[in-house]
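Worksheet: one structure, shown below.
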Amino acid sequence: MNSLGSLVLDDVNLFNETNEVRAGSIQVTDPNDEPVLDEQFELAASDEEDDAGSEGTDDPDENGDNTYGDVLTDAGAYTITLDLDEDSEINGVGSAERSVDVTAPADEHIVVGLGVGSSENPIEITVIEELSDLEDAESSS
């Protein structure tokens, strides 16, 4: 799984694990307080992933995920801010902000998961090196 993960993961990874389309914006600020990412997104529902492409969609994010490269350049604290559109809120939660420490920018990845946390906190932001780190985090919670 980790060899596949190195092909799939980029500096910042946004995953929709809900059964509804989610749209909004994501911003990342680097350790020097400079904006390094400011993007709008629309992610397909996770249950649509198996059918992606079968009906011919123009949606570029039909797999329920989006990745962004060339974001992590320096070691230090990065601030991630995610704002969901009003009709994309999850259990009434429409935003999340978290500062995470990146110690090895070439080896680490920021992961933002929609619908992976608790019902009170359905947006999770974490730093991993490999996909198996996500499994380890889920099994310890």
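The way I read the labels, and the way they are meant: chains A, B, ... in the order of the structure tokens, residue 1 as the first residue of every chain, and ligand 1 as the first ligand shown, with later ones counted on from there.
The list of residues with at least one atom within 7 Å of range 110-115 of chain A, based on only C-alpha atoms and without residues fewer than 5 positions apart in the same chain, reads Asp11, Val12, Asn13, Leu14, Phe15, Asn16, Glu17, Thr18, Pro122, Ile123, Glu124, Ile125, Thr126, Val127 and Ile128 of chain A.
The smallest atom-to-atom distance between Val116 in chain A and any of A:Leu72, A:Ile26, A:Ile90, A:Leu9, using only C-alpha atoms, is found for A:Ile90.
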Nearest candidate to Gly64 in chain A (options A:Leu37, A:Val100, A:Ala23, A:Val93; using only C-alpha atoms): A:Ala23
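Counting from CA of Ser132 in chain A, the distance to CA of Asp101 in chain A is 18.9 Å.
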Using only C-alpha atoms, which of the listed residues (A:Ala75, A:Glu108, A:Tyr68, A:Ser99) sits closest to Gln40 in chain A?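 Of the candidates, the smallest distance to Gln40 in chain A is held by A:Tyr68.
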Counting only C-alpha atoms, what is within 9 Å of range 83-87 of chain A, bar same-chain residues fewer than 4 positions away, as a ChimeraX atom specification? /A:22-27,93-97
As a short mmCIF file (atom, residue, chain, number, x, y, z; two decimals) with N, CA and C atoms, in the first residue's frame, please: every residue in range 68-117 of chain A that a backbone DSSP assignment puts in strand (DSSP E or B).
```cif
data_model
loop_
_atom_site.label_atom_id
_atom_site.label_comp_id
_atom_site.auth_asym_id
_atom_site.auth_seq_id
_atom_site.Cartn_x
_atom_site.Cartn_y
_atom_site.Cartn_z
N TYR A 68 -2.52 18.55 -4.18
CA TYR A 68 -1.84 19.79 -4.54
C TYR A 68 -0.34 19.61 -4.26
N GLY A 76 8.51 23.46 9.39
CA GLY A 76 7.90 24.40 10.30
C GLY A 76 6.40 24.20 10.39
N ALA A 77 5.72 25.19 10.95
CA ALA A 77 4.28 25.11 11.17
C ALA A 77 3.52 25.67 9.97
N TYR A 78 2.64 24.85 9.41
CA TYR A 78 1.75 25.25 8.33
C TYR A 78 0.34 25.36 8.88
N THR A 79 -0.39 26.38 8.46
CA THR A 79 -1.77 26.55 8.88
C THR A 79 -2.68 26.20 7.71
N ILE A 80 -3.59 25.27 7.96
CA ILE A 80 -4.55 24.83 6.95
C ILE A 80 -5.92 25.34 7.35
N THR A 81 -6.59 26.02 6.43
CA THR A 81 -7.94 26.52 6.65
C THR A 81 -8.84 25.94 5.57
N LEU A 82 -9.90 25.27 5.98
CA LEU A 82 -10.84 24.70 5.05
C LEU A 82 -12.22 25.30 5.32
N ASP A 83 -12.84 25.83 4.29
CA ASP A 83 -14.18 26.39 4.40
C ASP A 83 -15.08 25.68 3.40
N LEU A 84 -16.11 25.02 3.89
CA LEU A 84 -17.08 24.36 3.02
C LEU A 84 -18.18 25.35 2.65
N ILE A 90 -20.96 19.48 6.95
CA ILE A 90 -21.08 18.11 7.43
C ILE A 90 -21.54 18.17 8.88
N VAL A 93 -21.07 21.40 10.51
CA VAL A 93 -19.70 21.91 10.57
C VAL A 93 -19.29 22.35 9.16
N SER A 95 -16.36 24.51 8.62
CA SER A 95 -14.97 24.97 8.50
C SER A 95 -14.08 24.27 9.52
N ALA A 96 -12.79 24.31 9.22
CA ALA A 96 -11.78 23.78 10.14
C ALA A 96 -10.49 24.54 9.88
N GLU A 97 -9.75 24.77 10.95
CA GLU A 97 -8.43 25.38 10.83
C GLU A 97 -7.51 24.68 11.80
N ARG A 98 -6.32 24.37 11.33
CA ARG A 98 -5.37 23.69 12.19
C ARG A 98 -3.95 24.03 11.75
N SER A 99 -3.09 24.19 12.73
CA SER A 99 -1.67 24.36 12.47
C SER A 99 -0.99 23.01 12.69
N VAL A 100 -0.20 22.58 11.71
CA VAL A 100 0.49 21.30 11.81
C VAL A 100 1.98 21.51 11.60
N ASP A 101 2.78 20.70 12.27
CA ASP A 101 4.24 20.78 12.11
C ASP A 101 4.69 19.82 11.03
N VAL A 102 5.44 20.35 10.08
CA VAL A 102 6.05 19.56 9.02
C VAL A 102 7.55 19.63 9.25
N HIS A 109 3.26 14.60 4.15
CA HIS A 109 2.09 15.04 3.39
C HIS A 109 1.02 15.51 4.36
N ILE A 110 0.35 16.59 4.02
CA ILE A 110 -0.81 17.05 4.80
C ILE A 110 -2.04 16.37 4.20
N VAL A 111 -2.86 15.78 5.08
CA VAL A 111 -4.08 15.11 4.64
C VAL A 111 -5.26 15.78 5.33
N VAL A 112 -6.25 16.18 4.52
CA VAL A 112 -7.49 16.74 5.02
C VAL A 112 -8.60 15.77 4.64
N GLY A 113 -9.25 15.19 5.65
CA GLY A 113 -10.31 14.22 5.41
C GLY A 113 -11.66 14.77 5.77
N LEU A 114 -12.58 14.75 4.82
CA LEU A 114 -13.95 15.19 5.07
C LEU A 114 -14.80 13.97 5.39
#
```
What is the distance between CA of Ala44 in chain A and CA of Ser88 in chain A, in Å to one decimal? 11.4 Å
note - CA of Gly92 in chain A and CA of Val36 in chain A are separated by 28.1 Å
Between A:Glu130, A:Glu89, A:Glu120, A:Asp74, single out the one closest to Glu34 in chain A, counting only C-alpha atoms.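 Smallest separation from Glu34 in chain A among the options: A:Asp74.
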